[in-house]
Every structure is written in C-alpha cells, then in structure tokens.
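Undergrad: Got a structure for you, query02.cif, holding mmCIF, C-alpha atoms and all ligand atoms.
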data_run
loop_
_atom_site.label_atom_id
_atom_site.label_comp_id
_atom_site.auth_asym_id
_atom_site.auth_seq_id
_atom_site.Cartn_x
_atom_site.Cartn_y
_atom_site.Cartn_z
CA MET I 26 60.97 132.65 159.71
CA ALA I 27 58.84 135.08 157.77
CA TRP I 28 61.53 137.72 157.80
CA ASP I 29 64.05 135.53 155.89
CA SER I 30 61.59 135.04 153.05
CA VAL I 31 60.66 138.74 153.05
CA SER I 32 64.21 140.07 152.94
CA LEU I 33 65.25 137.46 150.37
CA LEU I 34 62.41 138.51 148.11
CA ARG I 35 63.15 142.21 148.57
CA THR I 36 66.88 141.87 147.89
CA HIS I 37 66.33 139.67 144.81
CA LYS I 38 63.38 141.63 143.40
CA THR I 39 65.22 143.41 140.57
CA LYS I 40 67.05 140.23 139.59
CA ILE I 41 63.79 138.24 139.53
CA VAL I 42 62.10 140.83 137.32
CA LYS I 43 65.02 140.67 134.85
CA GLN I 44 64.91 136.87 134.77
CA VAL I 45 61.15 136.83 134.18
CA MET I 46 61.37 139.44 131.43
CA ALA I 47 64.12 137.42 129.71
CA GLY I 48 61.89 134.33 129.86
CA MET I 49 58.88 136.27 128.57
CA SER I 50 60.74 137.83 125.61
CA ASN I 51 61.33 134.27 124.33
CA ILE I 52 57.60 133.56 124.52
CA SER I 53 56.40 136.89 123.14
CA PRO I 54 59.04 139.16 121.59
CA ASP I 55 56.58 142.12 121.38
CA ILE I 56 55.91 142.22 125.08
CA PRO I 57 55.91 145.83 126.42
CA GLY I 58 58.99 145.32 128.60
CA GLU I 59 58.95 148.53 130.58
CA LYS I 60 55.31 148.29 131.63
CA CYS I 61 55.53 144.59 132.47
CA SER I 62 58.69 145.10 134.55
CA ARG I 63 57.00 147.91 136.46
CA ASP I 64 53.87 145.81 137.11
CA LEU I 65 55.96 142.84 138.22
CA ASN I 66 57.85 145.10 140.59
CA TYR I 67 54.56 146.19 142.17
CA ILE I 68 53.46 142.58 142.52
CA LEU I 69 56.75 141.42 144.08
CA THR I 70 56.78 144.36 146.48
CA ALA I 71 53.22 143.50 147.49
CA ILE I 72 53.99 139.78 147.94
CA ALA I 73 56.93 140.60 150.22
CA ASP I 74 54.64 142.93 152.22
CA CYS I 75 52.04 140.15 152.42
CA LEU I 76 54.60 137.67 153.78
CA GLU I 77 55.68 140.24 156.32
CA SER I 78 52.19 141.20 157.50
CA ASN I 79 50.72 137.70 157.07
CA ASN I 80 47.72 139.01 155.15
CA GLN I 81 46.97 139.86 151.51
CA LYS I 82 46.00 143.51 151.84
CA SER I 83 48.96 144.96 149.90
CA LEU I 84 48.35 142.54 147.07
CA MET I 85 44.62 143.35 146.93
CA TYR I 86 45.51 147.01 146.65
CA VAL I 87 47.76 146.32 143.64
CA ILE I 88 45.14 144.07 142.02
CA LYS I 89 42.44 146.71 142.50
CA ASN I 90 44.59 149.17 140.56
CA TYR I 91 44.49 146.90 137.53
CA PHE I 92 40.75 147.56 137.34
CA ARG I 93 39.08 150.73 136.16
CA GLY I 94 35.29 151.09 136.15
CA GLY I 95 34.99 147.39 136.87
CA LYS I 96 37.11 146.41 133.83
CA LEU I 97 40.50 144.75 133.87
CA ARG I 98 42.99 147.03 132.10
CA LEU I 99 45.52 144.55 130.78
CA GLN I 100 46.67 143.98 127.20
CA SER I 101 46.88 140.24 127.62
CA VAL I 102 45.74 138.38 130.70
CA ASP I 103 47.23 135.13 129.30
CA LEU I 104 50.70 136.61 128.94
CA GLU I 105 50.48 138.19 132.37
CA ILE I 106 49.51 134.83 133.89
CA GLN I 107 52.37 133.09 132.06
CA ALA I 108 54.75 135.67 133.53
CA TYR I 109 53.41 134.96 137.01
CA GLY I 110 53.98 131.22 136.49
CA ILE I 111 57.65 131.90 135.67
CA THR I 112 57.94 134.30 138.63
CA GLU I 113 56.45 131.80 141.04
CA ASN I 114 58.97 129.12 139.91
CA ILE I 115 61.91 131.48 140.29
CA ILE I 116 60.80 132.43 143.82
CA HIS I 117 60.28 128.80 144.79
CA ASN I 118 63.78 127.89 143.55
CA LEU I 119 65.23 130.86 145.41
CA PHE I 120 63.48 129.84 148.64
CA ASP I 121 64.71 126.24 148.17
CA ARG I 122 68.30 127.42 147.70
CA TYR I 123 68.14 129.41 150.92
CA LYS I 124 66.28 126.62 152.78
CA ILE I 125 63.24 128.76 153.51
CA ASP I 126 60.38 126.92 155.24
CA THR I 127 57.99 125.45 152.62
CA LEU I 128 55.14 127.34 154.32
CA TYR I 129 56.38 130.53 152.64
CA LYS I 130 56.49 128.84 149.24
CA GLN I 131 52.82 128.02 149.79
CA LYS I 132 52.07 131.61 150.82
CA VAL I 133 53.69 132.85 147.60
CA THR I 134 51.57 130.38 145.60
CA ASP I 135 48.46 131.61 147.47
CA CYS I 136 49.31 135.17 146.42
CA PHE I 137 49.57 134.19 142.74
CA ASP I 138 46.34 132.21 143.02
CA VAL I 139 44.57 135.31 144.34
CA ILE I 140 45.88 137.36 141.40
CA LYS I 141 44.73 134.74 138.86
CA GLU I 142 41.35 134.36 140.57
CA ASN I 143 40.73 138.13 140.47
CA PHE I 144 41.87 138.49 136.87
CA LYS I 145 39.57 135.65 135.88
CA ASN I 146 36.47 136.52 137.90
CA GLY I 147 36.82 140.25 138.55
CA TYR I 148 38.13 142.12 141.56
CA THR I 149 36.84 140.79 144.85
CA ASP I 150 38.11 142.24 148.07
CA THR I 151 38.06 139.46 150.62
CA THR I 152 40.64 140.91 152.98
CA TYR I 153 39.58 140.89 156.56
CA PRO I 154 39.47 144.43 157.98
CA ASP I 155 41.53 145.24 161.07
CA ASN I 156 38.24 146.00 162.78
CA ASN I 157 39.26 149.28 164.19
CA TRP I 158 36.34 151.67 164.32
CA THR I 159 37.37 153.93 161.44
CA GLN I 160 38.18 151.02 159.15
CA MET I 161 34.84 149.40 159.87
CA LEU I 162 32.97 152.59 159.10
CA GLU I 163 34.88 153.08 155.89
CA ALA I 164 34.33 149.48 154.81
CA LYS I 165 30.58 149.88 155.33
CA LYS I 166 29.99 151.24 151.85
CA GLN I 167 26.78 150.76 149.94
CA CYS I 168 27.37 147.86 147.54
CA ALA I 169 25.21 146.53 144.70
CA THR I 170 27.50 144.16 142.78
CA TRP I 171 28.47 140.78 144.16
CA SER I 172 31.22 138.27 143.67
CA ASP I 173 30.38 134.57 143.18
CA LYS I 174 32.61 133.79 146.16
CA LYS I 175 30.63 131.64 148.55
CA VAL I 176 29.67 133.26 151.82
CA ASP I 177 30.24 131.01 154.80
CA LYS I 178 26.86 130.42 156.47
CA GLU I 179 28.60 130.59 159.85
CA TYR I 180 29.26 134.28 159.15
CA ILE I 181 25.55 134.87 158.64
CA ASP I 182 24.73 132.95 161.83
CA SER I 183 27.25 135.07 163.69
CA ILE I 184 25.69 138.31 162.34
CA LEU I 185 22.28 137.12 163.56
CA ASP I 186 23.79 136.21 166.94
CA ASP I 187 25.27 139.70 167.21
CA ILE I 188 21.82 141.19 166.65
CA HIS I 189 20.21 138.89 169.18
CA LYS I 190 22.87 139.43 171.83
CA HIS I 191 23.70 143.08 171.37
CA CYS I 192 20.88 145.00 169.74
CA ASN I 193 19.06 147.27 172.17
CA SER I 194 15.31 146.86 172.28
CA LYS I 195 12.80 148.87 174.32
CA GLN I 196 11.57 146.58 177.12
CA ASN I 197 13.26 143.81 175.13
CA LYS I 198 10.11 143.41 173.04
CA VAL I 199 11.93 143.16 169.69
CA PRO I 200 8.96 144.40 167.62
CA TYR I 201 10.37 143.14 164.33
CA GLU I 202 11.30 139.91 162.62
CA ILE I 203 14.09 139.04 160.26
CA LYS I 204 13.74 136.60 157.39
CA VAL I 205 17.03 135.33 155.99
CA MET I 206 17.29 134.23 152.36
CA ASP I 207 20.07 132.58 150.43
CA TRP I 208 19.55 131.42 146.84
CA SER I 209 17.90 128.10 147.67
CA ASN I 210 14.60 129.46 146.34
CA PRO I 211 15.60 131.42 143.23
CA GLU I 212 12.00 132.09 142.20
CA LEU I 213 11.21 133.83 145.49
CA ARG I 214 14.46 135.75 145.32
CA ASP I 215 13.58 136.92 141.82
CA LEU I 216 10.24 138.12 143.15
CA LEU I 217 12.03 140.13 145.84
CA PHE I 218 14.23 141.65 143.13
CA ARG I 219 11.19 142.57 141.02
CA HIS I 220 9.45 144.08 144.03
CA ALA I 221 12.57 146.14 144.78
CA ARG I 222 12.57 147.70 141.28
CA ASP I 223 11.75 151.39 141.16
CA GLU I 224 8.53 152.00 139.32
CA GLU I 225 8.11 154.03 136.19
CA THR I 226 8.54 157.75 136.70
CA PRO I 227 5.38 159.94 136.74
CA GLU I 228 6.28 161.27 133.26
CA GLY I 229 5.83 157.73 132.00
CA LYS I 230 9.51 157.19 131.30
CA ILE I 231 10.87 153.78 132.13
CA ASN I 232 12.92 153.97 135.24
CA THR I 233 15.94 151.73 134.92
CA HIS I 234 16.83 151.75 138.58
CA PHE I 235 17.13 148.19 139.79
CA ASN I 236 18.18 147.51 143.34
CA THR I 237 20.74 144.82 142.64
CA GLN I 238 21.66 144.91 146.33
CA VAL I 239 18.90 142.32 146.82
CA LEU I 240 20.67 139.89 144.44
CA ALA I 241 23.40 139.43 147.07
CA PRO I 242 24.32 135.87 148.17
CA TYR I 243 22.32 136.47 151.35
CA VAL I 244 19.62 138.99 152.20
CA LEU I 245 18.08 139.88 155.55
CA LEU I 246 14.48 141.06 155.25
CA PHE I 247 13.31 143.16 158.19
CA PHE I 248 9.55 143.17 158.86
CA GLU I 249 7.44 144.77 161.58
CA ARG I 250 6.32 142.21 164.20
CA ASP I 251 3.14 142.70 166.16
CA ASP I 252 3.17 140.98 169.55
CA GLU I 253 -0.06 142.81 170.36
CA THR I 254 1.43 144.92 173.13
CA TYR I 255 1.72 148.14 171.12
CA GLU I 256 -1.05 150.23 169.56
CA ARG I 257 -1.00 149.96 165.77
CA ASP I 258 0.50 153.42 165.04
CA VAL I 259 2.98 153.13 167.93
CA LEU I 260 4.04 149.72 166.66
CA HIS I 261 4.84 151.13 163.21
CA LYS I 262 7.10 153.82 164.68
CA ILE I 263 8.84 151.70 167.30
CA SER I 264 9.33 148.75 164.92
CA ASN I 265 11.00 150.87 162.33
CA LEU I 266 13.13 152.64 164.91
CA GLU I 267 14.38 149.32 166.25
CA ILE I 268 14.80 147.84 162.78
CA GLY I 269 17.21 150.71 162.11
CA LEU I 270 19.29 149.77 165.15
CA SER I 271 19.32 146.12 164.21
CA LEU I 272 20.13 146.89 160.58
CA GLN I 273 23.21 148.88 161.51
CA ILE I 274 24.46 146.14 163.87
CA ALA I 275 24.00 143.62 161.03
CA ALA I 276 25.90 145.87 158.62
CA LEU I 277 28.84 146.46 160.97
CA SER I 278 28.97 142.80 161.95
CA ALA I 279 29.10 141.86 158.25
CA VAL I 280 31.93 144.29 157.41
CA SER I 281 33.88 143.10 160.47
CA LYS I 282 33.96 139.71 158.71
CA GLY I 283 35.26 141.11 155.43
CA LEU I 284 31.80 141.05 153.84
CA SER I 285 30.07 143.93 152.07
CA ILE I 286 26.55 145.21 152.43
CA GLY I 287 23.83 147.01 150.45
CA PHE I 288 20.66 148.55 151.84
CA CYS I 289 17.34 148.60 150.01
CA LYS I 290 14.09 150.21 151.05
CA CYS I 291 12.41 150.77 147.67
CA PHE I 292 9.43 148.57 146.95
CA ASN I 293 6.99 149.08 144.10
CA ASP I 294 3.22 148.61 144.07
CA LYS I 295 3.19 146.48 140.96
CA ASP I 296 4.56 143.32 142.58
CA ARG I 297 3.30 144.03 146.09
CA ASN I 298 0.34 141.62 146.15
CA GLU I 299 2.27 138.78 144.60
CA PHE I 300 5.11 139.42 147.05
CA HIS I 301 2.77 139.40 150.08
CA LYS I 302 1.07 136.23 148.90
CA LYS I 303 4.16 134.23 148.06
CA PHE I 304 6.12 135.38 151.13
CA ASN I 305 3.03 134.91 153.28
CA VAL I 306 3.33 138.38 154.84
CA HIS I 307 0.94 141.32 155.37
CA SER I 308 3.40 144.06 154.53
CA SER I 309 6.53 144.55 152.46
CA PRO I 310 9.85 144.59 154.31
CA SER I 311 10.76 147.80 156.09
CA VAL I 312 14.22 147.34 154.64
CA VAL I 313 16.43 144.64 153.12
CA LEU I 314 20.13 144.20 153.70
CA GLY I 315 22.16 142.42 151.01
CA ILE I 316 25.28 140.66 152.26
CA GLY I 317 28.13 139.14 150.25
CA TYR I 318 31.59 139.76 148.88
CA TYR I 319 31.98 142.92 146.87
CA LYS I 320 32.79 142.73 143.20
CA GLU I 321 33.82 145.88 141.38
CA SER I 322 31.56 146.07 138.35
CA ASP I 323 28.97 148.29 136.68
CA THR I 324 26.56 145.42 136.28
CA GLN I 325 25.06 142.52 138.16
CA ILE I 326 23.53 139.35 136.74
CA ASN I 327 20.30 138.02 138.17
CA PRO I 328 21.26 134.34 138.56
CA TYR I 329 17.61 133.28 138.16
CA THR I 330 16.92 134.92 134.79
CA ASN I 331 20.54 135.40 133.68
CA VAL I 332 19.65 139.00 132.75
CA GLU I 333 22.39 141.54 133.38
CA TYR I 334 21.37 144.81 135.08
CA THR I 335 23.24 148.07 135.36
CA SER I 336 23.78 148.63 139.04
CA SER I 337 23.53 152.03 140.63
CA ILE I 338 24.60 153.08 144.05
CA SER I 339 24.36 156.35 145.80
CA THR I 340 27.25 157.02 148.10
CA SER I 341 28.27 159.64 150.61
CA ASP I 342 31.85 159.56 149.27
CA LEU I 343 32.78 163.20 149.00
CA ASP I 344 35.06 162.65 146.00
CA LYS I 345 32.41 160.88 143.91
CA GLU I 346 29.61 162.31 141.85
CA GLN I 347 26.50 161.96 144.00
CA TRP I 348 22.79 161.88 143.31
CA HIS I 349 21.84 162.15 146.93
CA ILE I 350 23.69 164.73 148.92
CA LYS I 351 23.56 164.82 152.69
CA PRO I 352 22.54 168.10 154.27
CA ALA I 353 25.34 170.02 155.93
CA MET I 354 26.07 168.85 159.49
CA LYS I 355 24.90 172.15 160.92
CA ASP I 356 21.50 171.67 159.23
CA TYR I 357 20.71 168.64 161.33
CA ILE I 358 23.13 168.54 164.26
CA THR I 359 23.16 171.35 166.82
CA TYR I 360 24.23 171.82 170.41
CA VAL I 361 21.39 173.22 172.46
C1 LIG G 1 17.24 152.46 155.56
C2 LIG G 1 18.01 152.62 154.28
C3 LIG G 1 17.43 152.32 153.08
C4 LIG G 1 18.11 152.45 151.87
N1 LIG G 1 17.50 152.11 150.71
C5 LIG G 1 18.17 152.18 149.55
C6 LIG G 1 17.54 151.79 148.34
O1 LIG G 1 16.40 151.36 148.31
N2 LIG G 1 18.26 151.89 147.19
C7 LIG G 1 19.56 152.34 147.19
O2 LIG G 1 20.17 152.41 146.14
N3 LIG G 1 20.17 152.71 148.34
C8 LIG G 1 19.50 152.63 149.51
N4 LIG G 1 20.10 153.00 150.68
C9 LIG G 1 21.51 153.34 150.64
C10 LIG G 1 21.80 154.74 151.03
O3 LIG G 1 21.48 155.55 149.95
C11 LIG G 1 23.28 154.72 151.39
O4 LIG G 1 23.38 154.34 152.73
C12 LIG G 1 23.96 155.99 151.19
O5 LIG G 1 24.00 156.19 149.85
C13 LIG G 1 25.36 156.02 151.77
O6 LIG G 1 26.19 155.12 151.14
P1 LIG G 1 27.76 155.02 151.52
O7 LIG G 1 27.84 154.60 152.95
O8 LIG G 1 28.27 153.99 150.57
O9 LIG G 1 28.38 156.34 151.26
C14 LIG G 1 19.44 152.91 151.89
C15 LIG G 1 20.04 153.20 153.12
C16 LIG G 1 19.35 153.07 154.30
C17 LIG G 1 20.03 153.41 155.60
#
Translate this structure into structure tokens?

TA:
Amino acid sequence: MAWDSVSLLRTHKTKIVKQVMAGMSNISPDIPGEKCSRDLNYILTAIADCLESNNQKSLMYVIKNYFRGGKLRLQSVDLEIQAYGITENIIHNLFDRYKIDTLYKQKVTDCFDVIKENFKNGYTDTTYPDNNWTQMLEAKKQCATWSDKKVDKEYIDSILDDIHKHCNSKQNKVPYEIKVMDWSNPELRDLLFRHARDEETPEGKINTHFNTQVLAPYVLLFFERDDETYERDVLHKISNLEIGLSLQIAALSAVSKGLSIGFCKCFNDKDRNEFHKKFNVHSSPSVVLGIGYYKESDTQINPYTNVEYTSSISTSDLDKEQWHIKPAMKDYITYV
C-alpha cells in the first residue's frame, strides 16, 4: 500500500539523510554538509508526498527552486547526482526490509530519474494540471522557451478535436483554417520564425525581439478562410473573431494536457512574400499558437540554424516587471 511506503520514508527521513551524508563525506570531504542535508530533506519530503499523491507535483516544485533565471544553482551537479544514487539505494533496501511492494521502489526510481533529467536538460514542468478552472487559467501563461521533450501527437489531435467539436461558429461556417506544423519541414519552420521577427524600429535601431514561441515543437497557424458566403470586409472581421475563440479553446485544451502555449501575432513585411509563396497562402496567419513543454530559460535555440535567441515574453503577472500593462478593469468593463 502507498501509505506504508510514505510513512516509512517519513519516519526514516532524518536517518537516511545522515547515512547519505556519511557516504558522501568519504567521496568528497569538502562537501557543504549543512546545505546538502537541507536539500536532501526537501527531496525526501517531496518524494514521500509524491508517493502519497501518486503524482510528481511536489518534486517538480522542489526542482524548480533549484533554478534561478533559467540557470541551475548547484555547486556540483555530479556530486548531487552521486548523493541521489546513494539515497535511492538506501530507500530501496529499506523498502525491501519492510517488504514494500516493488511498485513503490520503481516510483522512487522514477522520482530520481526526473530530478536527473531536469538537472541535465533544464527545468521542464510536465506535471498534469488538476484541470480545475483556476489552475487551467493560471497554467495558461505565455511561453517562449521549449523543452526537447517530445510532444505526443495524440495530444495535438485531441486539441484539434476539441476545436472541431466545441468551438462556437456563427451558422457553423468556420471561416478560418488551421495549418498544423511539427518540425518535419525545418526550412519552412525557419521561414515562419523569420517572418515572426519584429522589424527594425523606425529609428533604424535593430530590434532584437524574436518570437521564439513559433519555435515550439508544434505550431497551429490560423488563417482566414473564404467560403464565398461573406463579403470581403465582413469575412475579415468574422474570421478573426472566430479565430480568437478557436485559439483560446486550443490554448486551454493544451494546458489541460500539461502542455504550455505561446501566442504570436507579429509578422514583418520583409519575409512576407517569401512566406506567402512557400506556404502557398494569400495572407499571413492571423495568429500562431506554439505548443510544447515549457522549459525555464532566457534563451531558445532555433533547431534549424542552431542559433540561440534571447526570448522575451510579456506577461500579465502582477508581480513581474511588465512591458505591456493591461488597462484597469473599470476602463474596459462596466455594468450598464
Ligand atoms: C492574439 C494574440 C497575439 C499575441 N501575439 C504576441 C506576439 O506576437 N508576441 C508576443 O510576445 N506575445 C504575443 N501575445 C501574448 C500576449 O502578450 C500575452 O497573452 C500576454 O502577455 C499575457 O500573458 P500571460 O497570460 O502569460 O500573463 C499575443 C496574445 C494574443 C492573445
């Protein structure tokens, strides 16, 4: 039973930390004992919580706190990983002694694998949200840096199904189309990225704003679709209105699956013709939605050119420095 493994781990936590620290002082006498013991305590507390709740949220929270500004703040990742190896063995032996189901040994190993994976490749939050309304809204944060973790294509199919089944459309005309891209055509994806670069500022300064959202593992490109039932200027308005509805369903569907999203609506003139020609379209997308697993970082590599770009996101987080500030509620919402 889960509870046996949880309580065993909680009651033996202090003892385990002492044993690991004794083992580590043989390997590296200079190890900062106090800090390592404290960190190990956090990890063991989180692993016990994970066994209890049958998910890895507590552990992800601890791992996230090892990162600041996208960088891992550890003196020695190797030593830390050695310490986890010793810890894992001690827990396995403990579970064996108390005849705990091997399933929980595997769950402990999974926890250590997640720690190692995140230390090696950067923080990636792949925990599945509870899908209550508030959590979904909070998880729907603008994201522009992506983990290499593969996105299951079934998730993307399910997002598209959600749009098709649930998105409202006036007279069910659906005056838009969605093109889905993975990385199977890197050249075309690079062209999208170039087209989504902000142009030089009017003062002639080089604008370094790159929309790395569109380097996500998957992107949905929303275009107007003319079925010749709307007048041209009506079509433009209604298409974009409905694209907005569809876009938000896609975003919420993605976050409900533990994925992250990034919006992009900036397209420059410089690459417009080439984009239209190579994508065989008459207009640029109304908007693009990047979808993938979030990676905390200041930069994003373009896998096609291998060039690393500084990513920038604007957010409505009230406790973060913002470039774009929403008007006050009373300035745009009133009871009449
Ligand atoms: C239609 C639409 C287009 C957007 N286009 C861009 C864009 O081109 N570049 C960008 O950095 N952010 C873009 N954003 C992101 C918004 O700035 C973002 O939603 C806002 O900063 C709130 O982010 P938050 O939910 O993380 O707080 C766009 C958002 C929407 C809804």

Undergrad: For the atom pair atom CA of Thr170 of chain I and atom CA of Ala241 of chain I, what is the interatomic distance in Å to one decimal place?

TA: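 Computing it gives 7.6 Å between the two atoms.
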
Undergrad: Pick out the residues sitting within 12 Å of Asp323 of chain I, and hand them over as a PDB file with C-alpha atoms, in the frame of the given file; count only C-alpha atoms, and ignore anything fewer than 6 positions along from it in its own chain.

TA:
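Written out: part.pdb:
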ATOM      1  CA  PHE I  92      40.750 147.560 137.340  1.00  0.00           C
ATOM      2  CA  ARG I  93      39.080 150.730 136.160  1.00  0.00           C
ATOM      3  CA  GLY I  94      35.290 151.090 136.150  1.00  0.00           C
ATOM      4  CA  GLY I  95      34.990 147.390 136.870  1.00  0.00           C
ATOM      5  CA  LYS I  96      37.110 146.410 133.830  1.00  0.00           C
ATOM      6  CA  GLY I 147      36.820 140.250 138.550  1.00  0.00           C
ATOM      7  CA  CYS I 168      27.370 147.860 147.540  1.00  0.00           C
ATOM      8  CA  ALA I 169      25.210 146.530 144.700  1.00  0.00           C
ATOM      9  CA  THR I 170      27.500 144.160 142.780  1.00  0.00           C
ATOM     10  CA  TRP I 171      28.470 140.780 144.160  1.00  0.00           C
ATOM     11  CA  THR I 237      20.740 144.820 142.640  1.00  0.00           C
ATOM     12  CA  GLU I 333      22.390 141.540 133.380  1.00  0.00           C
ATOM     13  CA  TYR I 334      21.370 144.810 135.080  1.00  0.00           C
ATOM     14  CA  THR I 335      23.240 148.070 135.360  1.00  0.00           C
ATOM     15  CA  SER I 336      23.780 148.630 139.040  1.00  0.00           C
ATOM     16  CA  SER I 337      23.530 152.030 140.630  1.00  0.00           C
ATOM     17  CA  ILE I 338      24.600 153.080 144.050  1.00  0.00           C
TER      18      ILE I 338
END

Undergrad: Neighbouring residues of ligand LIG 1 (chain G) are defined here as those with any atom at most 9 Å from a ligand atom, counting all atoms listed in the file; list them as an MDAnalysis selection string.

TA: chainID I and resid 162:169 221:223 234:238 268:269 272:273 287:292 311:314 336:343 347:351

Undergrad: Which value, in Å to one decimal, gives the distance between atom CA of Ser194 of chain I and atom CA of Phe248 of chain I?

TA: 15.1 Å

Undergrad: What is the atom CA of Thr254 of chain I-atom CA of Ala276 of chain I distance in Å, reported with one decimal?

TA: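 According to the coordinates, atom CA of Thr254 of chain I and atom CA of Ala276 of chain I are separated by 28.5 Å.
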
Undergrad: So that I can check the surroundings of Leu213 of chain I, please list as a list in words every protein, DNA and RNA residue that reaches within 8 Å of it, counting only C-alpha atoms and ignoring chain neighbours fewer than 3 positions away.

TA: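 Surrounding residues, per the criterion: Asn210, Leu216, Leu217, Lys303 and Phe304 of chain I.
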
Undergrad: Using C-alpha atoms, can you write the selected residues to a file as a short mmCIF file (atom, residue, chain, number, x, y, z; two decimals), in the coordinates of the input?

TA:
data_model
loop_
_atom_site.label_atom_id
_atom_site.label_comp_id
_atom_site.auth_asym_id
_atom_site.auth_seq_id
_atom_site.Cartn_x
_atom_site.Cartn_y
_atom_site.Cartn_z
CA ASN I 210 14.60 129.46 146.34
CA LEU I 216 10.24 138.12 143.15
CA LEU I 217 12.03 140.13 145.84
CA LYS I 303 4.16 134.23 148.06
CA PHE I 304 6.12 135.38 151.13
#

Undergrad: Of the candidates I:Ala47, I:Val139, I:Ala353, I:Leu97, which one gets nearest to Ile72 of chain I if we count all atoms listed in the file?

TA: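 Closest residue, counting all atoms listed in the file: I:Val139.
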
Undergrad: Here is a test: counting all atoms listed in the file, which residue of I:Asn265, I:Gln325, I:Gln131, I:Ser53 is nearest to Ser172 of chain I?

TA: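 Smallest separation from Ser172 of chain I among the options: I:Gln325.
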
Undergrad: My list of candidates is I:Val332, I:Leu84, I:Leu240, I:Leu277. Which is closest to Tyr148 of chain I when distances are computed with all atoms listed in the file?

TA: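 Between I:Val332, I:Leu84, I:Leu240, I:Leu277, the residue approaching Tyr148 of chain I most closely is I:Leu84.
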
Undergrad: Using only C-alpha atoms, determine which residues lie at most 9 Å from Ala27 of chain I, disregarding the query and same-chain residues fewer than 2 positions distant; provide the list as a list in words.

TA: Asp29, Ser30, Val31, Ser32, Leu76, Glu77, Asn79, Ile125, Asp126 and Tyr129 of chain I

Undergrad: Which one is closest to Asn90 of chain I: I:Asn114, I:Asp103, I:His301, I:Asp64? Count only C-alpha atoms.

TA: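 Checking each candidate against Asn90 of chain I, we get I:Asp64 as the closest.
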
Undergrad: Neighbouring residues of segment 178-193 of chain I were defined as those with any atom within 8 Å, considering all atoms listed in the file; residues of the same chain fewer than 3 positions away were excluded. Please report them as a PyMOL selection string.

TA: chain I and resi 197+267+270-271+274-275+278-279+282
